[in-house]
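See below for the structure under consideration.
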Amino acid sequence: MINMESQVNRDIIIIGQQPWDTEIGSNCKNIALEFSKTHRVIYVNSPLDRITLYRKKNDPGTQKRLNVIQKKETGLVKIQDNLWNYYPDCMVESINWIGNTFLFDLANQYNNAKFAKSVKKAIDILGFSQFILFNDNEMFKGFYLKKYLKPSLSIYYSRDYMVAVDYWKKHGETLEPKLIADSDICVANSNFLAAYCRKFNPNSFYVGQGCDLDIFVEDKSKAVPADLALVKRPLIGYVGALQSIRLDKDIIAHIAISRPDWSVVLVGPEDDLFKASDLHQFKNVIFTGIKAISDLPDYINAFDVCINPQLVNEVTIGNYPRKIDEYLAIGKPVVATATTAMETFSDFVYLAQTKEDYVLLIEKALNENSLKQQGQRREFALEHTWENSVAEIYKAIELVEH
């Protein structure tokens, strides 16, 4: 049983890769909102770096940060009760071009010192003390903050296998394990990432994933989106960014070729490789383009089977697929690529090892879908709340501190 009383009224500083004013969804923003129900929270944006100023000088976000640095605007903005967003009043150097990790680390320590000095100003203004430092996957700008800010507890949150991405890989393979080892606690949103963190820190815990599923509800009264109204059924659908580093185009092509009587619907923005792919030549593969988040439930409601044809690589193998919860919350049968992270869903999702499996399992999903299964899928997905995920973080704190 979690002793929630001991996790009330503790101050928390959150730093990470995604600023509060990001246009996309963010795990860390949701966690901050949940934390703020019982704690005072400062959500710290990443400091402006010199190359971003050069490349995006006219961007409103860059201008906001520049105004704070030049003391034309305040950097501490209250979002709601117990929650503030802080724009650091400093600029850091763009250093990832440095090839030698030792020299990079020296420059990074300089950046961290500037960053920490700025964050201390917000801490002093609000009178935070004995605070928790929560680091959302920021392995560079957050590397020395435990040393400089001296929190009562430091937590590293792993939500993506970042060292598989070229930008982070160059120095991250050396620095992230050290940061994980130096943190008091590590928490992760997938079993794969929890196991990765546990290699370097025994106080590493799987805390699950929260999802905002309020709009993802079954609604049979809703009309099929206009661009699908005349498309031949069954509709086999995918919703999300069409990125070649994450999705297997061969699986999609195999489904379309093997079953020309099925329509494969892909909803989301395409990267350049997807735009140039042969998939656009298939008559039964439909690209809808990007859609507003509020429209996505209408497309999922229209699908007969939902798919997640992931590539299995370092980037994807440990990622928690939030779209699976969105599919299941609407009660849809789902066929997805088998990965370590997908083991959590094995009782409710058809897991495919090969492209041939996809065709067989989609056929099976079409044939055996039932009202009982739909209800079980929804019930399972709706367990994945931010409240439950943050409760697991509190539980990890309890275990380590007591």
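Letters for chains follow the order of the structure tokens (A, B, ...), residue numbers begin at 1 for each chain, and ligand numbers begin at 1 in the order shown.
Taking only segment 210-266 of chain A, the residues that DSSP calls strand (DSSP E or B) from the backbone come to Leu235, Ile236, Gly237, Tyr238, Val239, Leu242, Leu247, Ser263, Val264, Val265 and Leu266 of chain A.
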| Hey, what's within 8 Å of segment 118-131 of chain A if we count only C-alpha atoms and toss same-chain stuff fewer than 4 positions away? As a PyMOL selection string, please? | chain A and resi 10-13+44+76+86+88-90+114+149+151-153
Dump N, CA and C atoms for the selected residues as a CSV table (one decimal), in the first residue's frame?
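Okay, this is what ended up in selection-v6.csv:
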```
chain,number,residue,atom,x,y,z
A,10,ARG,N,5.5,18.1,-1.3
A,10,ARG,CA,7.0,18.1,-1.6
A,10,ARG,C,7.2,19.0,-2.9
A,11,ASP,N,8.2,19.8,-2.9
A,11,ASP,CA,8.4,20.6,-4.1
A,11,ASP,C,9.2,19.8,-5.1
A,12,ILE,N,8.9,20.1,-6.4
A,12,ILE,CA,9.4,19.3,-7.5
A,12,ILE,C,9.9,20.2,-8.6
A,13,ILE,N,11.1,20.0,-9.0
A,13,ILE,CA,11.7,20.7,-10.2
A,13,ILE,C,11.7,19.7,-11.4
A,44,VAL,N,10.6,23.4,-15.9
A,44,VAL,CA,11.7,24.2,-16.5
A,44,VAL,C,11.9,23.9,-18.0
A,76,LEU,N,9.2,33.5,-15.2
A,76,LEU,CA,8.4,32.5,-14.4
A,76,LEU,C,6.9,32.8,-14.6
A,86,TYR,N,9.0,27.8,-16.2
A,86,TYR,CA,10.1,28.7,-16.1
A,86,TYR,C,10.9,28.7,-17.4
A,88,PRO,N,14.4,29.8,-18.7
A,88,PRO,CA,15.7,30.2,-18.2
A,88,PRO,C,16.1,31.5,-18.8
A,89,ASP,N,16.8,32.4,-18.0
A,89,ASP,CA,17.3,33.7,-18.5
A,89,ASP,C,18.7,33.6,-18.9
A,90,CYS,N,19.1,32.5,-19.5
A,90,CYS,CA,20.5,32.3,-20.0
A,90,CYS,C,20.4,31.6,-21.4
A,114,LYS,N,25.6,27.2,-16.1
A,114,LYS,CA,24.8,28.4,-16.4
A,114,LYS,C,23.3,28.1,-16.2
A,149,LEU,N,22.4,21.7,-8.2
A,149,LEU,CA,21.2,22.1,-7.5
A,149,LEU,C,21.0,21.5,-6.2
A,151,PRO,N,19.4,18.5,-5.0
A,151,PRO,CA,18.1,18.2,-4.6
A,151,PRO,C,18.1,17.2,-3.4
A,152,SER,N,17.0,17.0,-2.7
A,152,SER,CA,16.9,16.0,-1.7
A,152,SER,C,16.8,14.6,-2.3
A,153,LEU,N,16.3,14.6,-3.6
A,153,LEU,CA,16.1,13.3,-4.3
A,153,LEU,C,16.2,13.6,-5.8
```
| Test item: residues at most 8 Å from segment 318-332 of chain A, only C-alpha atoms, excluding those fewer than 5 positions along its chain, as a VMD selection string | chain A and resid 159 to 161 189 to 193 209 211 213 216 to 218 239 to 240 297 300 to 301 303 to 306 308 339 to 342 373 to 382 384
| said: as a PyMOL selection string, please: every residue in segment 22-255 of chain A that a backbone DSSP assignment puts in alpha helix (DSSP H). | reply: chain A and resi 27-35+50-55+60-69+101-126+145-149+166-182+191-198+249-255
Can you spit out the residues from that selection as a PDB file, in the first residue's frame, using C-alpha atoms?
```
ATOM      1  CA  ASN A  27       4.516  12.615 -21.135  1.00  0.00           C
ATOM      2  CA  CYS A  28       6.323  15.034 -18.885  1.00  0.00           C
ATOM      3  CA  LYS A  29       3.655  17.746 -19.106  1.00  0.00           C
ATOM      4  CA  ASN A  30       1.029  15.198 -18.078  1.00  0.00           C
ATOM      5  CA  ILE A  31       3.212  14.031 -15.203  1.00  0.00           C
ATOM      6  CA  ALA A  32       3.725  17.647 -14.107  1.00  0.00           C
ATOM      7  CA  LEU A  33      -0.021  18.224 -14.046  1.00  0.00           C
ATOM      8  CA  GLU A  34      -0.513  15.106 -11.942  1.00  0.00           C
ATOM      9  CA  PHE A  35       2.329  16.044  -9.581  1.00  0.00           C
ATOM     10  CA  ARG A  50      22.920  29.503 -29.811  1.00  0.00           C
ATOM     11  CA  ILE A  51      22.194  27.459 -32.934  1.00  0.00           C
ATOM     12  CA  THR A  52      18.414  27.612 -32.300  1.00  0.00           C
ATOM     13  CA  LEU A  53      18.699  31.399 -32.009  1.00  0.00           C
ATOM     14  CA  TYR A  54      20.516  31.460 -35.341  1.00  0.00           C
ATOM     15  CA  ARG A  55      18.151  29.097 -37.159  1.00  0.00           C
ATOM     16  CA  PRO A  60       7.689  33.209 -31.407  1.00  0.00           C
ATOM     17  CA  GLY A  61       9.120  30.708 -28.929  1.00  0.00           C
ATOM     18  CA  THR A  62      12.660  31.866 -29.615  1.00  0.00           C
ATOM     19  CA  GLN A  63      11.598  35.495 -29.288  1.00  0.00           C
ATOM     20  CA  LYS A  64       9.954  34.748 -25.932  1.00  0.00           C
ATOM     21  CA  ARG A  65      13.165  33.171 -24.642  1.00  0.00           C
ATOM     22  CA  LEU A  66      15.292  36.025 -25.978  1.00  0.00           C
ATOM     23  CA  ASN A  67      13.024  38.572 -24.284  1.00  0.00           C
ATOM     24  CA  VAL A  68      13.459  36.736 -20.972  1.00  0.00           C
ATOM     25  CA  ILE A  69      17.240  36.714 -21.377  1.00  0.00           C
ATOM     26  CA  THR A 101      33.329  13.005 -25.521  1.00  0.00           C
ATOM     27  CA  PHE A 102      35.826  14.271 -22.927  1.00  0.00           C
ATOM     28  CA  LEU A 103      35.869  17.753 -24.492  1.00  0.00           C
ATOM     29  CA  PHE A 104      32.097  17.631 -24.972  1.00  0.00           C
ATOM     30  CA  ASP A 105      31.722  16.840 -21.279  1.00  0.00           C
ATOM     31  CA  LEU A 106      33.797  19.875 -20.275  1.00  0.00           C
ATOM     32  CA  ALA A 107      31.666  22.152 -22.464  1.00  0.00           C
ATOM     33  CA  ASN A 108      28.521  20.472 -21.175  1.00  0.00           C
ATOM     34  CA  GLN A 109      29.546  21.128 -17.578  1.00  0.00           C
ATOM     35  CA  TYR A 110      29.852  24.828 -18.455  1.00  0.00           C
ATOM     36  CA  ASN A 111      26.337  24.763 -19.973  1.00  0.00           C
ATOM     37  CA  ASN A 112      24.953  22.934 -16.929  1.00  0.00           C
ATOM     38  CA  ALA A 113      26.459  25.502 -14.564  1.00  0.00           C
ATOM     39  CA  LYS A 114      24.777  28.370 -16.447  1.00  0.00           C
ATOM     40  CA  PHE A 115      21.500  26.488 -16.580  1.00  0.00           C
ATOM     41  CA  ALA A 116      21.583  25.619 -12.876  1.00  0.00           C
ATOM     42  CA  LYS A 117      22.365  29.221 -11.898  1.00  0.00           C
ATOM     43  CA  SER A 118      19.244  30.339 -13.763  1.00  0.00           C
ATOM     44  CA  VAL A 119      17.036  27.609 -12.273  1.00  0.00           C
ATOM     45  CA  LYS A 120      18.177  28.618  -8.773  1.00  0.00           C
ATOM     46  CA  LYS A 121      16.593  32.031  -9.360  1.00  0.00           C
ATOM     47  CA  ALA A 122      13.169  30.423  -9.804  1.00  0.00           C
ATOM     48  CA  ILE A 123      13.782  28.197  -6.779  1.00  0.00           C
ATOM     49  CA  ASP A 124      14.597  31.247  -4.659  1.00  0.00           C
ATOM     50  CA  ILE A 125      11.618  33.279  -5.893  1.00  0.00           C
ATOM     51  CA  LEU A 126       9.165  30.529  -4.932  1.00  0.00           C
ATOM     52  CA  LEU A 145      22.143  19.421 -12.243  1.00  0.00           C
ATOM     53  CA  LYS A 146      22.152  17.069  -9.267  1.00  0.00           C
ATOM     54  CA  LYS A 147      25.642  18.361  -8.431  1.00  0.00           C
ATOM     55  CA  TYR A 148      24.738  22.039  -8.846  1.00  0.00           C
ATOM     56  CA  LEU A 149      21.154  22.124  -7.505  1.00  0.00           C
ATOM     57  CA  ASP A 166      22.169   9.650 -33.863  1.00  0.00           C
ATOM     58  CA  TYR A 167      22.028  13.022 -32.069  1.00  0.00           C
ATOM     59  CA  TRP A 168      22.098  11.396 -28.632  1.00  0.00           C
ATOM     60  CA  LYS A 169      24.125   8.307 -29.530  1.00  0.00           C
ATOM     61  CA  LYS A 170      27.478  10.052 -30.103  1.00  0.00           C
ATOM     62  CA  HIS A 171      27.956  11.079 -26.459  1.00  0.00           C
ATOM     63  CA  GLY A 172      24.885   9.539 -24.853  1.00  0.00           C
ATOM     64  CA  GLU A 173      26.244   5.991 -24.936  1.00  0.00           C
ATOM     65  CA  THR A 174      28.926   7.172 -22.513  1.00  0.00           C
ATOM     66  CA  LEU A 175      27.048   9.800 -20.507  1.00  0.00           C
ATOM     67  CA  GLU A 176      23.542   8.371 -20.035  1.00  0.00           C
ATOM     68  CA  PRO A 177      24.691   5.261 -18.099  1.00  0.00           C
ATOM     69  CA  LYS A 178      26.668   7.554 -15.769  1.00  0.00           C
ATOM     70  CA  LEU A 179      23.630   9.797 -15.248  1.00  0.00           C
ATOM     71  CA  ILE A 180      21.392   6.802 -14.572  1.00  0.00           C
ATOM     72  CA  ALA A 181      23.907   5.422 -12.064  1.00  0.00           C
ATOM     73  CA  ASP A 182      24.217   8.798 -10.309  1.00  0.00           C
ATOM     74  CA  ASN A 191       9.724  -2.897 -19.130  1.00  0.00           C
ATOM     75  CA  PHE A 192      12.492  -2.746 -21.737  1.00  0.00           C
ATOM     76  CA  LEU A 193      13.651   0.686 -20.559  1.00  0.00           C
ATOM     77  CA  ALA A 194      13.347  -0.285 -16.891  1.00  0.00           C
ATOM     78  CA  ALA A 195      15.623  -3.274 -17.563  1.00  0.00           C
ATOM     79  CA  TYR A 196      18.058  -0.994 -19.424  1.00  0.00           C
ATOM     80  CA  CYS A 197      18.211   1.425 -16.472  1.00  0.00           C
ATOM     81  CA  ARG A 198      18.594  -1.468 -14.021  1.00  0.00           C
ATOM     82  CA  LYS A 249       6.634  -0.316 -45.276  1.00  0.00           C
ATOM     83  CA  ASP A 250       7.103  -3.948 -46.367  1.00  0.00           C
ATOM     84  CA  ILE A 251       4.446  -5.110 -43.901  1.00  0.00           C
ATOM     85  CA  ILE A 252       1.975  -2.538 -45.229  1.00  0.00           C
ATOM     86  CA  ALA A 253       2.756  -3.511 -48.835  1.00  0.00           C
ATOM     87  CA  HIS A 254       2.382  -7.224 -48.036  1.00  0.00           C
ATOM     88  CA  ILE A 255      -1.048  -6.686 -46.485  1.00  0.00           C
TER      89      ILE A 255
END
```
| Counting only C-alpha atoms, the residue of A:Val264, A:Leu366, A:Gln17, A:Gly99 that sits nearest Asn137 of chain A | A:Gln17
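Nearest residue to Val92 of chain A among A:Asp49, A:Leu230, A:Asp59, A:Thr74 is A:Asp49, counting only C-alpha atoms.
Closest to Glu270 of chain A among A:Gln353, A:Thr337, A:Thr385, A:Gln243 is A:Gln243, based on only C-alpha atoms.
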